[in-house]
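S.K.: Structure incoming, see below.
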Amino acid sequence: MAYLSDIEIAQACEMKHISEIAATAHVDEKYLEQYGRYKAKIDPALLSETDRENGKLILVTAITPTPAGEGKTTTTIGLADGLRRIGKDVTVALREPSLGPVFGVKGGAAGGGYAQVVPMEDINLHFTGDFHAIGAANNLLAAMLDNHIQQGNSLGIDVRRITWKRCVDMNDRQLRFIVDGMGGKVNGVPREDGFDITVASEIMAILCLSNSITDLKERLSRIIVAYNFAGEPVTCGQLKAQGAMTALLKDAIKPNLVQTLEGTPAFVHGGPFANIAHGCNSVMATKLALKMGDYTITEAGFGADLGAEKFLDIKCRMAGLVPDAVVVVATVRALKMHGGRAKTELANEDIEALEKGIPNLLRHVSNMKNVYKLPCVVAVNRFPTDTDAEIEFIIGKCKELGVNTVLSNVWAEGGKGGEELAREVVRLCDEEKGDFTFSYELDCSIEEKIEAIVKKIYGGNSIVITPQAKKQIAELTALGFDKMPICVAKTQYSFSDDPTKLGAPENFDVTIKNVKVSAGAGFIVVLTGDIMTMPGLPKVPAAERIDVDENGKITGLF
């Protein structure tokens with residue numbers, strides 16, 4: 001049987017005009033800034049001027065990712081469509097895709113199969129220009145920093161301790177480490193430099209955590225760009241860059257409105273890295289979505305140990321949000337990979353591999369239910385090769401934790417394949433009240449907060465802090481940054497800091513190599529390994545398959 005590609009499915013969809021979607025989402029036209037027929041930005045004034053109550057907030061997260069795939073975004077969209085099919089007033093809040101993965105390995109990030117947001121090509125490419133604006137603001141700050149040094153360096157910036165990098169929204173390994181300012185006195189001060197991908201810029205995290213344009217400007221001013229010869233931080237505010245940067249971001253901060261294939265309103269806004277930052281869509285988009293629907297479905301990046309932990313401990317804490325339920329997405333195939341099977345061996349029934357791999361799912365579920373104390377359901381994305389015995393095994397194991405398991409078939413059936421999951425989510429929201437608790441308190445020391453995450457969420461023994469990281473923690477504590485939440489940057493492929501330790505490893509320590517502050521975003525970044533902030537393209541990039549015909553129709557985009 002020949003399947004249509006995601007882009008073929010998306011292009012066959014008859015989209016509704018964005019004003020019709022806005023009406024469905026209770027957004028008055030006076031708040032709508034249209035970008036063509038199918039995209040719009042929403043004036044954030046709607047947040048303070050609406051008298052609608054907040055709806056229920058449902059977080060979709062997943063098991064530890066594998067090359068077999070889990071379908072988290074697809075499930076998020078399909079669940080929203082499923083809720084709409086059973087008569088609920090629903091919105092979905094998602095991240096924007098980065099051009100890097102679109103042209104690299106992963107491809108697009110607008111869902112898949114019959115559970116997608118559209119216009120898929122626009123969302124995956126330039127969309128409404130948010131990422132370009134973030135890149136421009138980032139690079140304006142970099143230009144003003146180097147210009148300050150060139151024009152006499154009155155702040156005494158130590159060029160060996162510049163922490164701010166330029167950025168571009170593309171996978172380009174050539175730019176990771178560069179030397180610039182070459183060519184003589186009039187062309188700048190020679191120094192080592194480098195680029196990050198735009199989604200790794202602190203400005204992306206700031207935009208996504210800001211509650212207003214004023215909050216955005218204040219956060220931008222707090223960005224630490226370098227240290228002076230006395231070892232004191234130098235900020236964006238000292239360079240007087242925040243006003244111009246906010247001017248570049250005045251439209252980017254407005255949430256974007258699009259639609260699913262089935263016409264469900266979708267707020268797609270922001271896209272910070274789920275490693276170096278918190279991996280969630282913007283606070284403003286989530287809050288708008290909550291006001292405009294009785295149920296809002298959102299997701300967080302990577303597995304629940306990274307994405308959900310940061311959503312709950314950082315985003316919810318800063319924004320005053322409390323989820324009503326959590327959906328943990330899993331596949332039989334991925335669990336068998338966690339049980340030690342190769343990707344080529346997943347088609348055959350294998351209860352033994354499933355038994356070895358399922359502790360990964362159970363740890364994630366236990367964290368949601370027992371650490372954060374939130375109602376939880378497991379959604380299993382069913383593949384044709386999954387057997388009834390394998391599905392029954394998962395259902396039985398989750399029942400032991402007091403959690404129901406629901407089969408999801410949204411990739412093939414769209415909202416229809418998500419109706420059963422939708423009913424269970426409604427039941428959780430109505431019948432099982434959570435007692436939301438953070439995994440650590442802010443007044444703990446930096447070390448205590450890191451240790452709490454490692455022990456409670458990862459299942460590790462303890463932390464090992466390198467001498468360099470100890471020195472950094474002491475410096476940040478002396479500067480008064482120790483009461484911020486923690487953003488752990490580690491591999492997404494394991495609960496531990498070793499990507500080869502699959503399943504639910506035990507008896508491991510996590511090594512803390514570097515600790516730095518994102519003072520504007522408002523969190524401490526803890527690096528446990530070599531986290532890549534500028535990816536490279538693979539041997540055969542996805543870009544090689546993308547084309548456009550004489551009518552402007554794009555092909556090969558995922």
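Residues are named by chain letter and number: chains run A, B, ... in the order of the structure tokens, numbers start at 1 in each chain, and ligands are numbered from 1 in the order shown.
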Can you list, as an NGL selection string, all residues belonging to segment 299-417 of chain A that DSSP tags as helix (DSSP H, G or I)?
M.R.: :A and (304-319 or 332-338 or 343-345 or 351-371 or 388-400 or 410-417)
S.K.: For Ile213 of chain A, work out the shell of residues within 8 Å, counting only C-alpha atoms and skipping chain neighbours fewer than 2 positions away, then give it as a compact mmCIF listing (two decimals) with all heavy atoms, in the first residue's frame.
M.R.:
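Contents of result-v2.txt, freshly written:
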```txt
# COMPACT_ATOMS: atom_id res chain seq x y z
N SER A 210 8.79 35.57 28.11
CA SER A 210 8.32 36.93 28.41
C SER A 210 6.81 37.00 28.47
O SER A 210 6.11 36.34 27.68
CB SER A 210 8.84 37.91 27.35
OG SER A 210 10.25 37.97 27.37
N ASN A 211 6.30 37.83 29.37
CA ASN A 211 4.86 38.00 29.53
C ASN A 211 4.32 39.23 28.80
O ASN A 211 3.11 39.39 28.67
CB ASN A 211 4.51 38.13 31.01
CG ASN A 211 4.46 36.77 31.70
OD1 ASN A 211 3.70 35.91 31.29
ND2 ASN A 211 5.30 36.57 32.70
N ASP A 215 8.34 43.29 29.73
CA ASP A 215 9.08 42.18 30.34
C ASP A 215 10.19 41.73 29.40
O ASP A 215 11.33 41.47 29.84
CB ASP A 215 8.11 41.02 30.62
CG ASP A 215 8.76 39.86 31.36
OD1 ASP A 215 9.72 40.12 32.11
OD2 ASP A 215 8.31 38.72 31.19
N LEU A 216 9.90 41.66 28.10
CA LEU A 216 10.90 41.29 27.10
C LEU A 216 12.10 42.23 27.15
O LEU A 216 13.25 41.81 27.21
CB LEU A 216 10.27 41.31 25.70
CG LEU A 216 11.21 41.12 24.51
CD1 LEU A 216 11.76 39.71 24.48
CD2 LEU A 216 10.49 41.42 23.19
N LYS A 217 11.83 43.54 27.16
CA LYS A 217 12.91 44.53 27.16
C LYS A 217 13.75 44.43 28.43
O LYS A 217 14.98 44.50 28.38
CB LYS A 217 12.32 45.94 27.04
CG LYS A 217 13.37 47.02 26.73
CD LYS A 217 12.83 48.42 26.90
CE LYS A 217 11.64 48.70 25.98
NZ LYS A 217 11.21 50.12 26.08
N THR A 246 14.47 45.25 21.16
CA THR A 246 13.02 45.09 21.36
C THR A 246 12.26 45.60 20.15
O THR A 246 11.24 45.02 19.76
CB THR A 246 12.57 45.84 22.63
OG1 THR A 246 13.38 45.41 23.74
CG2 THR A 246 11.11 45.55 22.96
N LYS A 250 9.33 43.42 18.19
CA LYS A 250 7.99 43.86 18.59
C LYS A 250 6.87 43.06 17.92
O LYS A 250 5.79 42.89 18.50
CB LYS A 250 7.80 45.36 18.32
CG LYS A 250 7.59 45.74 16.88
CD LYS A 250 7.29 47.22 16.72
CE LYS A 250 7.04 47.59 15.27
NZ LYS A 250 5.82 47.00 14.72
N ILE A 253 7.15 38.89 19.07
CA ILE A 253 6.60 38.47 20.37
C ILE A 253 5.11 38.14 20.29
O ILE A 253 4.56 37.50 21.19
CB ILE A 253 6.86 39.55 21.45
CG1 ILE A 253 6.68 38.95 22.85
CG2 ILE A 253 5.98 40.78 21.24
CD1 ILE A 253 7.06 39.87 23.98
```
S.K.: Find the residue from A:Val378, A:Ala274, A:Ile149, A:Ala226 that sits nearest to Lys165 of chain A; use only C-alpha atoms when measuring.
M.R.: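 Between A:Val378, A:Ala274, A:Ile149, A:Ala226, the residue approaching Lys165 of chain A most closely is A:Ala226.
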S.K.: Within 7 Å of segment 445-451 of chain A, counting only C-alpha atoms, which residues show up once you throw out same-chain ones fewer than 3 positions away? Write them as a list in words, please.
M.R.: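 The filter keeps Tyr440, Val454, Lys455, Ser462, Ile463, Asp482 and Ile486 of chain A.
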S.K.: Excluding same-chain residues fewer than 4 positions from segment 312-319 of chain A, what lies within 8 Å of it counting only C-alpha atoms, as a list of chain:residue names?
M.R.: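 Counting only C-alpha atoms, the residues come to A:Leu209, A:Asn211, A:His278, A:Cys280, A:Val283, A:Ala308, A:Phe438, A:Ser439, A:Tyr440, A:Pro485, A:Ile486, A:Cys487, A:Phe523.
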S.K.: Could you turn the residues from that selection into a file that holds N, CA, C and O atoms, as a JSON list (two decimals), in the first residue's frame?
M.R.:
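Result went into again_22.json, see below:
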```
[["chain", "number", "residue", "atom", "x", "y", "z"],
["A", 209, "LEU", "N", 9.72, 33.16, 27.26],
["A", 209, "LEU", "CA", 9.36, 33.26, 28.68],
["A", 209, "LEU", "C", 8.79, 34.63, 29.05],
["A", 209, "LEU", "O", 8.35, 34.83, 30.18],
["A", 211, "ASN", "N", 6.30, 37.83, 29.37],
["A", 211, "ASN", "CA", 4.86, 38.00, 29.53],
["A", 211, "ASN", "C", 4.32, 39.23, 28.80],
["A", 211, "ASN", "O", 3.11, 39.39, 28.67],
["A", 278, "HIS", "N", 14.81, 25.69, 27.43],
["A", 278, "HIS", "CA", 13.74, 24.94, 28.10],
["A", 278, "HIS", "C", 12.81, 24.19, 27.14],
["A", 278, "HIS", "O", 11.93, 23.47, 27.61],
["A", 280, "CYS", "N", 10.16, 24.70, 25.10],
["A", 280, "CYS", "CA", 8.69, 24.82, 25.08],
["A", 280, "CYS", "C", 8.30, 26.02, 24.22],
["A", 280, "CYS", "O", 9.08, 26.95, 24.03],
["A", 283, "VAL", "N", 5.28, 31.39, 26.46],
["A", 283, "VAL", "CA", 4.32, 31.58, 27.56],
["A", 283, "VAL", "C", 3.09, 32.33, 27.05],
["A", 283, "VAL", "O", 1.95, 31.97, 27.38],
["A", 308, "ALA", "N", 9.57, 17.71, 29.73],
["A", 308, "ALA", "CA", 8.52, 17.88, 30.75],
["A", 308, "ALA", "C", 9.11, 18.47, 32.03],
["A", 308, "ALA", "O", 8.48, 19.32, 32.66],
["A", 438, "PHE", "N", 6.71, 20.94, 42.45],
["A", 438, "PHE", "CA", 7.96, 21.04, 41.70],
["A", 438, "PHE", "C", 8.94, 19.99, 42.21],
["A", 438, "PHE", "O", 8.81, 19.48, 43.32],
["A", 439, "SER", "N", 9.97, 19.68, 41.39],
["A", 439, "SER", "CA", 10.95, 18.67, 41.82],
["A", 439, "SER", "C", 12.00, 19.26, 42.77],
["A", 439, "SER", "O", 12.78, 18.52, 43.38],
["A", 440, "TYR", "N", 12.05, 20.61, 42.88],
["A", 440, "TYR", "CA", 12.97, 21.27, 43.82],
["A", 440, "TYR", "C", 12.42, 22.65, 44.14],
["A", 440, "TYR", "O", 11.58, 23.18, 43.40],
["A", 485, "PRO", "N", 15.88, 28.86, 38.72],
["A", 485, "PRO", "CA", 15.68, 27.45, 38.36],
["A", 485, "PRO", "C", 16.83, 26.92, 37.52],
["A", 485, "PRO", "O", 17.63, 27.69, 36.97],
["A", 486, "ILE", "N", 16.91, 25.61, 37.42],
["A", 486, "ILE", "CA", 18.01, 24.93, 36.74],
["A", 486, "ILE", "C", 17.55, 24.39, 35.39],
["A", 486, "ILE", "O", 16.47, 23.80, 35.28],
["A", 487, "CYS", "N", 18.39, 24.60, 34.37],
["A", 487, "CYS", "CA", 18.12, 24.06, 33.03],
["A", 487, "CYS", "C", 19.27, 23.13, 32.68],
["A", 487, "CYS", "O", 20.37, 23.58, 32.33],
["A", 523, "PHE", "N", 17.40, 31.54, 34.10],
["A", 523, "PHE", "CA", 17.73, 30.21, 34.62],
["A", 523, "PHE", "C", 19.23, 29.96, 34.51],
["A", 523, "PHE", "O", 19.96, 30.61, 33.77]]
```
S.K.: Which of these, A:Gly293, A:Gly460, A:Gly183, A:Gly271, has the shortest distance to Asn124 of chain A once you count only C-alpha atoms?
M.R.: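 Checking each of A:Gly293, A:Gly460, A:Gly183, A:Gly271 against Asn124 of chain A, counting only C-alpha atoms, the winner is A:Gly271.
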S.K.: Out of A:Asn187, A:Gln34, A:Asn514, A:Ser48, which residue has the shortest atom-to-atom distance to Ile473 of chain A when counting only C-alpha atoms?
M.R.: A:Asn514
S.K.: Based on the backbone DSSP call, show me all residues of segment 303-529 of chain A assigned strand (DSSP E), as a compact mmCIF listing (two decimals) with all heavy atoms, in the first residue's frame.
M.R.:
```txt
# COMPACT_ATOMS: atom_id res chain seq x y z
N ALA A 325 -3.38 17.61 33.30
CA ALA A 325 -3.10 16.20 32.97
C ALA A 325 -1.86 16.13 32.10
O ALA A 325 -1.49 17.11 31.45
CB ALA A 325 -4.29 15.56 32.27
N VAL A 326 -1.22 14.95 32.10
CA VAL A 326 -0.04 14.71 31.27
C VAL A 326 -0.27 13.47 30.43
O VAL A 326 -0.79 12.46 30.92
CB VAL A 326 1.22 14.51 32.15
CG1 VAL A 326 2.44 14.20 31.28
CG2 VAL A 326 1.49 15.74 33.01
N VAL A 327 0.12 13.53 29.15
CA VAL A 327 0.10 12.38 28.25
C VAL A 327 1.54 11.99 27.96
O VAL A 327 2.33 12.82 27.53
CB VAL A 327 -0.62 12.71 26.92
CG1 VAL A 327 -0.59 11.49 25.99
CG2 VAL A 327 -2.05 13.16 27.17
N VAL A 328 1.91 10.73 28.26
CA VAL A 328 3.26 10.24 27.95
C VAL A 328 3.16 9.33 26.72
O VAL A 328 2.47 8.32 26.74
CB VAL A 328 3.87 9.46 29.13
CG1 VAL A 328 5.26 8.95 28.77
CG2 VAL A 328 3.94 10.33 30.38
N VAL A 329 3.84 9.74 25.65
CA VAL A 329 3.74 9.02 24.37
C VAL A 329 4.84 7.97 24.29
O VAL A 329 6.00 8.23 24.63
CB VAL A 329 3.87 10.01 23.18
CG1 VAL A 329 3.77 9.26 21.85
CG2 VAL A 329 2.79 11.09 23.27
N ALA A 330 4.47 6.79 23.81
CA ALA A 330 5.44 5.70 23.63
C ALA A 330 5.08 4.89 22.39
O ALA A 330 3.94 4.96 21.90
CB ALA A 330 5.45 4.80 24.86
N CYS A 376 -2.09 11.22 34.84
CA CYS A 376 -1.27 10.82 33.69
C CYS A 376 -1.94 9.70 32.91
O CYS A 376 -2.63 8.85 33.48
CB CYS A 376 0.09 10.38 34.23
SG CYS A 376 1.28 9.93 33.00
N VAL A 377 -1.73 9.69 31.59
CA VAL A 377 -2.17 8.59 30.72
C VAL A 377 -1.04 8.29 29.75
O VAL A 377 -0.29 9.18 29.35
CB VAL A 377 -3.46 8.95 29.96
CG1 VAL A 377 -3.30 10.21 29.12
CG2 VAL A 377 -3.92 7.79 29.06
N VAL A 378 -0.90 7.02 29.38
CA VAL A 378 0.09 6.62 28.38
C VAL A 378 -0.62 6.47 27.04
O VAL A 378 -1.64 5.78 26.94
CB VAL A 378 0.78 5.29 28.77
CG1 VAL A 378 1.64 4.77 27.62
CG2 VAL A 378 1.62 5.50 30.02
N ALA A 379 -0.08 7.13 26.02
CA ALA A 379 -0.61 6.99 24.65
C ALA A 379 0.39 6.16 23.85
O ALA A 379 1.55 6.55 23.69
CB ALA A 379 -0.79 8.36 24.01
N VAL A 380 -0.04 5.01 23.36
CA VAL A 380 0.82 4.15 22.55
C VAL A 380 0.49 4.37 21.08
O VAL A 380 -0.63 4.08 20.63
CB VAL A 380 0.66 2.66 22.93
CG1 VAL A 380 1.49 1.79 21.99
CG2 VAL A 380 1.07 2.43 24.37
N ASN A 381 1.44 4.89 20.34
CA ASN A 381 1.28 5.03 18.90
C ASN A 381 1.41 3.66 18.27
O ASN A 381 2.51 3.09 18.24
CB ASN A 381 2.37 5.95 18.33
CG ASN A 381 1.92 7.39 18.28
OD1 ASN A 381 0.74 7.67 18.34
ND2 ASN A 381 2.86 8.29 18.18
N ASN A 404 -3.71 4.45 33.09
CA ASN A 404 -4.32 3.80 31.94
C ASN A 404 -3.47 3.98 30.68
O ASN A 404 -2.72 4.95 30.55
CB ASN A 404 -5.72 4.38 31.67
CG ASN A 404 -6.72 3.92 32.71
OD1 ASN A 404 -6.54 2.89 33.35
ND2 ASN A 404 -7.78 4.70 32.90
N THR A 405 -3.62 3.03 29.76
CA THR A 405 -2.93 3.08 28.48
C THR A 405 -3.98 3.12 27.37
O THR A 405 -4.93 2.34 27.38
CB THR A 405 -2.04 1.84 28.28
OG1 THR A 405 -1.14 1.74 29.38
CG2 THR A 405 -1.26 1.91 26.98
N VAL A 406 -3.80 4.03 26.42
CA VAL A 406 -4.74 4.18 25.31
C VAL A 406 -3.99 4.07 24.00
O VAL A 406 -2.92 4.65 23.83
CB VAL A 406 -5.46 5.56 25.38
CG1 VAL A 406 -6.38 5.74 24.19
CG2 VAL A 406 -6.23 5.69 26.68
N LEU A 407 -4.54 3.31 23.07
CA LEU A 407 -3.94 3.21 21.74
C LEU A 407 -4.29 4.45 20.93
O LEU A 407 -5.43 4.92 20.95
CB LEU A 407 -4.43 1.96 21.01
CG LEU A 407 -4.01 0.62 21.62
CD1 LEU A 407 -4.48 -0.53 20.73
CD2 LEU A 407 -2.51 0.56 21.80
N SER A 408 -3.30 4.97 20.23
CA SER A 408 -3.50 6.16 19.41
C SER A 408 -3.18 5.83 17.96
O SER A 408 -2.16 5.21 17.67
CB SER A 408 -2.57 7.28 19.92
OG SER A 408 -2.50 8.33 18.99
N SER A 462 23.98 10.31 42.28
CA SER A 462 24.43 11.61 42.76
C SER A 462 25.04 12.39 41.60
O SER A 462 24.93 11.97 40.44
CB SER A 462 25.46 11.41 43.88
OG SER A 462 25.71 12.66 44.52
N ILE A 463 25.70 13.52 41.93
CA ILE A 463 26.36 14.32 40.92
C ILE A 463 27.85 14.42 41.24
O ILE A 463 28.25 14.40 42.40
CB ILE A 463 25.75 15.74 40.80
CG1 ILE A 463 25.75 16.46 42.16
CG2 ILE A 463 24.35 15.67 40.22
CD1 ILE A 463 25.28 17.92 42.08
N VAL A 464 28.65 14.51 40.17
CA VAL A 464 30.08 14.74 40.30
C VAL A 464 30.35 16.09 39.64
O VAL A 464 30.07 16.27 38.45
CB VAL A 464 30.90 13.63 39.61
CG1 VAL A 464 32.39 13.96 39.67
CG2 VAL A 464 30.60 12.28 40.23
N ILE A 465 30.87 17.04 40.40
CA ILE A 465 31.08 18.39 39.88
C ILE A 465 32.57 18.61 39.62
O ILE A 465 33.39 18.45 40.53
CB ILE A 465 30.55 19.46 40.87
CG1 ILE A 465 29.09 19.17 41.24
CG2 ILE A 465 30.68 20.85 40.28
CD1 ILE A 465 28.52 20.09 42.31
N ILE A 486 16.91 25.61 37.42
CA ILE A 486 18.01 24.93 36.74
C ILE A 486 17.55 24.39 35.39
O ILE A 486 16.47 23.80 35.28
CB ILE A 486 18.52 23.74 37.60
CG1 ILE A 486 19.01 24.23 38.96
CG2 ILE A 486 19.58 22.94 36.87
CD1 ILE A 486 20.22 25.15 38.91
N CYS A 487 18.39 24.60 34.37
CA CYS A 487 18.12 24.06 33.03
C CYS A 487 19.27 23.13 32.68
O CYS A 487 20.37 23.58 32.33
CB CYS A 487 18.01 25.22 32.03
SG CYS A 487 17.61 24.70 30.36
N VAL A 488 19.04 21.82 32.79
CA VAL A 488 20.12 20.85 32.56
C VAL A 488 20.26 20.57 31.06
O VAL A 488 19.29 20.22 30.39
CB VAL A 488 19.85 19.53 33.30
CG1 VAL A 488 20.97 18.53 33.04
CG2 VAL A 488 19.72 19.77 34.80
N ALA A 489 21.48 20.72 30.57
CA ALA A 489 21.80 20.38 29.18
C ALA A 489 22.52 19.04 29.18
O ALA A 489 23.64 18.94 29.67
CB ALA A 489 22.66 21.47 28.55
N ASP A 509 26.21 8.15 38.23
CA ASP A 509 26.39 9.54 38.63
C ASP A 509 26.35 10.41 37.38
O ASP A 509 26.68 9.94 36.30
CB ASP A 509 27.73 9.74 39.35
CG ASP A 509 27.80 9.00 40.67
OD1 ASP A 509 26.74 8.83 41.30
OD2 ASP A 509 28.91 8.58 41.05
N VAL A 510 25.97 11.65 37.54
CA VAL A 510 25.97 12.61 36.43
C VAL A 510 27.08 13.62 36.68
O VAL A 510 27.15 14.22 37.76
CB VAL A 510 24.60 13.31 36.30
CG1 VAL A 510 24.67 14.46 35.30
CG2 VAL A 510 23.52 12.31 35.86
N THR A 511 27.95 13.79 35.68
CA THR A 511 29.08 14.70 35.82
C THR A 511 28.70 16.10 35.32
O THR A 511 28.23 16.26 34.19
CB THR A 511 30.30 14.18 35.02
OG1 THR A 511 30.64 12.89 35.52
CG2 THR A 511 31.49 15.12 35.17
N ILE A 512 28.89 17.09 36.18
CA ILE A 512 28.59 18.49 35.84
C ILE A 512 29.89 19.14 35.37
O ILE A 512 30.83 19.32 36.15
CB ILE A 512 28.02 19.25 37.07
CG1 ILE A 512 26.86 18.47 37.70
CG2 ILE A 512 27.59 20.65 36.66
CD1 ILE A 512 25.72 18.11 36.76
N ASN A 514 30.11 22.16 33.20
CA ASN A 514 30.08 23.62 33.10
C ASN A 514 28.77 24.14 33.67
O ASN A 514 27.73 23.48 33.53
CB ASN A 514 30.19 24.08 31.64
CG ASN A 514 31.62 24.15 31.17
OD1 ASN A 514 32.40 24.97 31.65
ND2 ASN A 514 31.99 23.27 30.25
N VAL A 515 28.81 25.30 34.27
CA VAL A 515 27.60 25.94 34.79
C VAL A 515 27.64 27.41 34.38
O VAL A 515 28.64 28.09 34.63
CB VAL A 515 27.52 25.83 36.34
CG1 VAL A 515 26.23 26.46 36.84
CG2 VAL A 515 27.59 24.37 36.77
N LYS A 516 26.61 27.88 33.72
CA LYS A 516 26.58 29.29 33.29
C LYS A 516 25.18 29.84 33.51
O LYS A 516 24.22 29.09 33.71
CB LYS A 516 27.01 29.44 31.83
CG LYS A 516 26.09 28.76 30.83
CD LYS A 516 26.57 29.02 29.40
CE LYS A 516 25.52 28.58 28.40
NZ LYS A 516 25.85 28.97 27.03
N VAL A 517 25.07 31.15 33.46
CA VAL A 517 23.77 31.77 33.71
C VAL A 517 23.20 32.36 32.42
O VAL A 517 23.92 32.95 31.62
CB VAL A 517 23.86 32.86 34.80
CG1 VAL A 517 24.75 34.02 34.35
CG2 VAL A 517 22.48 33.37 35.19
N SER A 518 21.92 32.12 32.19
CA SER A 518 21.15 32.86 31.18
C SER A 518 20.34 33.88 31.97
O SER A 518 19.19 33.62 32.36
CB SER A 518 20.24 31.91 30.39
OG SER A 518 21.00 31.09 29.53
N PHE A 523 17.40 31.54 34.10
CA PHE A 523 17.73 30.21 34.62
C PHE A 523 19.23 29.96 34.51
O PHE A 523 19.96 30.61 33.77
CB PHE A 523 16.93 29.09 33.95
CG PHE A 523 16.93 29.09 32.43
CD1 PHE A 523 18.07 28.83 31.69
CD2 PHE A 523 15.73 29.31 31.74
CE1 PHE A 523 18.04 28.81 30.31
CE2 PHE A 523 15.70 29.30 30.35
CZ PHE A 523 16.86 29.04 29.63
N ILE A 524 19.69 28.96 35.30
CA ILE A 524 21.08 28.52 35.30
C ILE A 524 21.18 27.33 34.35
O ILE A 524 20.43 26.36 34.47
CB ILE A 524 21.52 28.05 36.71
CG1 ILE A 524 21.39 29.20 37.73
CG2 ILE A 524 22.92 27.48 36.68
CD1 ILE A 524 22.49 30.19 37.72
N VAL A 525 22.10 27.39 33.38
CA VAL A 525 22.31 26.28 32.45
C VAL A 525 23.44 25.40 32.99
O VAL A 525 24.55 25.88 33.24
CB VAL A 525 22.66 26.79 31.04
CG1 VAL A 525 22.88 25.60 30.09
CG2 VAL A 525 21.54 27.68 30.50
N VAL A 526 23.13 24.12 33.16
CA VAL A 526 24.08 23.15 33.70
C VAL A 526 24.43 22.16 32.59
O VAL A 526 23.57 21.42 32.12
CB VAL A 526 23.47 22.40 34.90
CG1 VAL A 526 24.39 21.30 35.39
CG2 VAL A 526 23.15 23.37 36.03
N LEU A 527 25.69 22.18 32.15
CA LEU A 527 26.10 21.32 31.04
C LEU A 527 26.76 20.05 31.57
O LEU A 527 27.71 20.11 32.34
CB LEU A 527 27.06 22.07 30.11
CG LEU A 527 26.40 23.24 29.37
CD1 LEU A 527 26.86 24.57 29.98
CD2 LEU A 527 26.68 23.21 27.90
```
S.K.: Mind checking which residues fall within 10 Å of Glu121 of chain A, counting only C-alpha atoms, ignoring those fewer than 3 positions away in the same chain, and posting them as a PyMOL selection string?
M.R.: chain A and resi 7+10-11+108+110+117-118+124-127+553-555+557-558
S.K.: Produce a file of the selected residues containing N, CA and C atoms, as an mmCIF file, in the first residue's frame.
M.R.:
```cif
data_model
loop_
_atom_site.group_PDB
_atom_site.id
_atom_site.type_symbol
_atom_site.label_atom_id
_atom_site.label_comp_id
_atom_site.auth_asym_id
_atom_site.auth_seq_id
_atom_site.Cartn_x
_atom_site.Cartn_y
_atom_site.Cartn_z
ATOM 1 N N ILE A 7 3.798 16.090 3.188
ATOM 2 C CA ILE A 7 3.538 17.308 2.413
ATOM 3 C C ILE A 7 2.400 17.096 1.413
ATOM 4 N N ALA A 10 -0.743 17.379 3.438
ATOM 5 C CA ALA A 10 -0.973 18.780 3.804
ATOM 6 C C ALA A 10 -1.470 19.596 2.609
ATOM 7 N N GLN A 11 -0.889 19.350 1.426
ATOM 8 C CA GLN A 11 -1.269 20.124 0.241
ATOM 9 C C GLN A 11 -2.658 19.750 -0.273
ATOM 10 N N GLY A 108 10.759 18.349 8.635
ATOM 11 C CA GLY A 108 9.831 19.307 9.238
ATOM 12 C C GLY A 108 9.355 18.902 10.612
ATOM 13 N N ALA A 110 5.934 19.779 11.911
ATOM 14 C CA ALA A 110 4.560 20.268 11.986
ATOM 15 C C ALA A 110 3.575 19.111 12.137
ATOM 16 N N VAL A 117 -0.239 20.471 11.438
ATOM 17 C CA VAL A 117 -0.664 21.871 11.361
ATOM 18 C C VAL A 117 -0.289 22.395 9.978
ATOM 19 N N VAL A 118 -1.147 23.263 9.444
ATOM 20 C CA VAL A 118 -0.955 23.797 8.091
ATOM 21 C C VAL A 118 -1.145 25.321 8.120
ATOM 22 N N ASN A 124 7.199 25.422 8.275
ATOM 23 C CA ASN A 124 8.535 24.831 8.283
ATOM 24 C C ASN A 124 9.604 25.726 7.665
ATOM 25 N N LEU A 125 9.201 26.740 6.922
ATOM 26 C CA LEU A 125 10.189 27.609 6.282
ATOM 27 C C LEU A 125 10.226 28.967 6.988
ATOM 28 N N HIS A 126 9.816 30.047 6.361
ATOM 29 C CA HIS A 126 9.982 31.370 6.989
ATOM 30 C C HIS A 126 8.863 31.727 7.962
ATOM 31 N N PHE A 127 7.694 31.097 7.812
ATOM 32 C CA PHE A 127 6.522 31.349 8.637
ATOM 33 C C PHE A 127 6.224 32.852 8.687
ATOM 34 N N LYS A 553 4.950 25.314 -6.227
ATOM 35 C CA LYS A 553 4.580 24.189 -5.363
ATOM 36 C C LYS A 553 5.837 23.474 -4.877
ATOM 37 N N ILE A 554 5.950 23.357 -3.558
ATOM 38 C CA ILE A 554 7.144 22.752 -2.956
ATOM 39 C C ILE A 554 6.948 21.243 -2.837
ATOM 40 N N THR A 555 8.016 20.493 -3.117
ATOM 41 C CA THR A 555 8.000 19.035 -2.942
ATOM 42 C C THR A 555 9.183 18.623 -2.085
ATOM 43 N N LEU A 557 9.496 18.247 1.102
ATOM 44 C CA LEU A 557 9.632 18.816 2.440
ATOM 45 C C LEU A 557 9.011 17.843 3.431
ATOM 46 N N PHE A 558 9.778 16.827 3.798
ATOM 47 C CA PHE A 558 9.372 15.793 4.756
ATOM 48 C C PHE A 558 8.347 14.826 4.196
#
```
S.K.: To one decimal in Å, tell me the separation between atom CA of Lys310 of chain A and atom CA of Asn275 of chain A.
M.R.: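 About the pair atom CA of Lys310 of chain A and atom CA of Asn275 of chain A: they are 9.7 Å apart.
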S.K.: Excluding same-chain residues fewer than 3 positions from segment 332-340 of chain A, what lies within 8 Å of it counting only C-alpha atoms, as a PyMOL selection string?
M.R.: chain A and resi 65-70+343+346-347+350+352-358+360-361+380-383+386+390-391+502-503
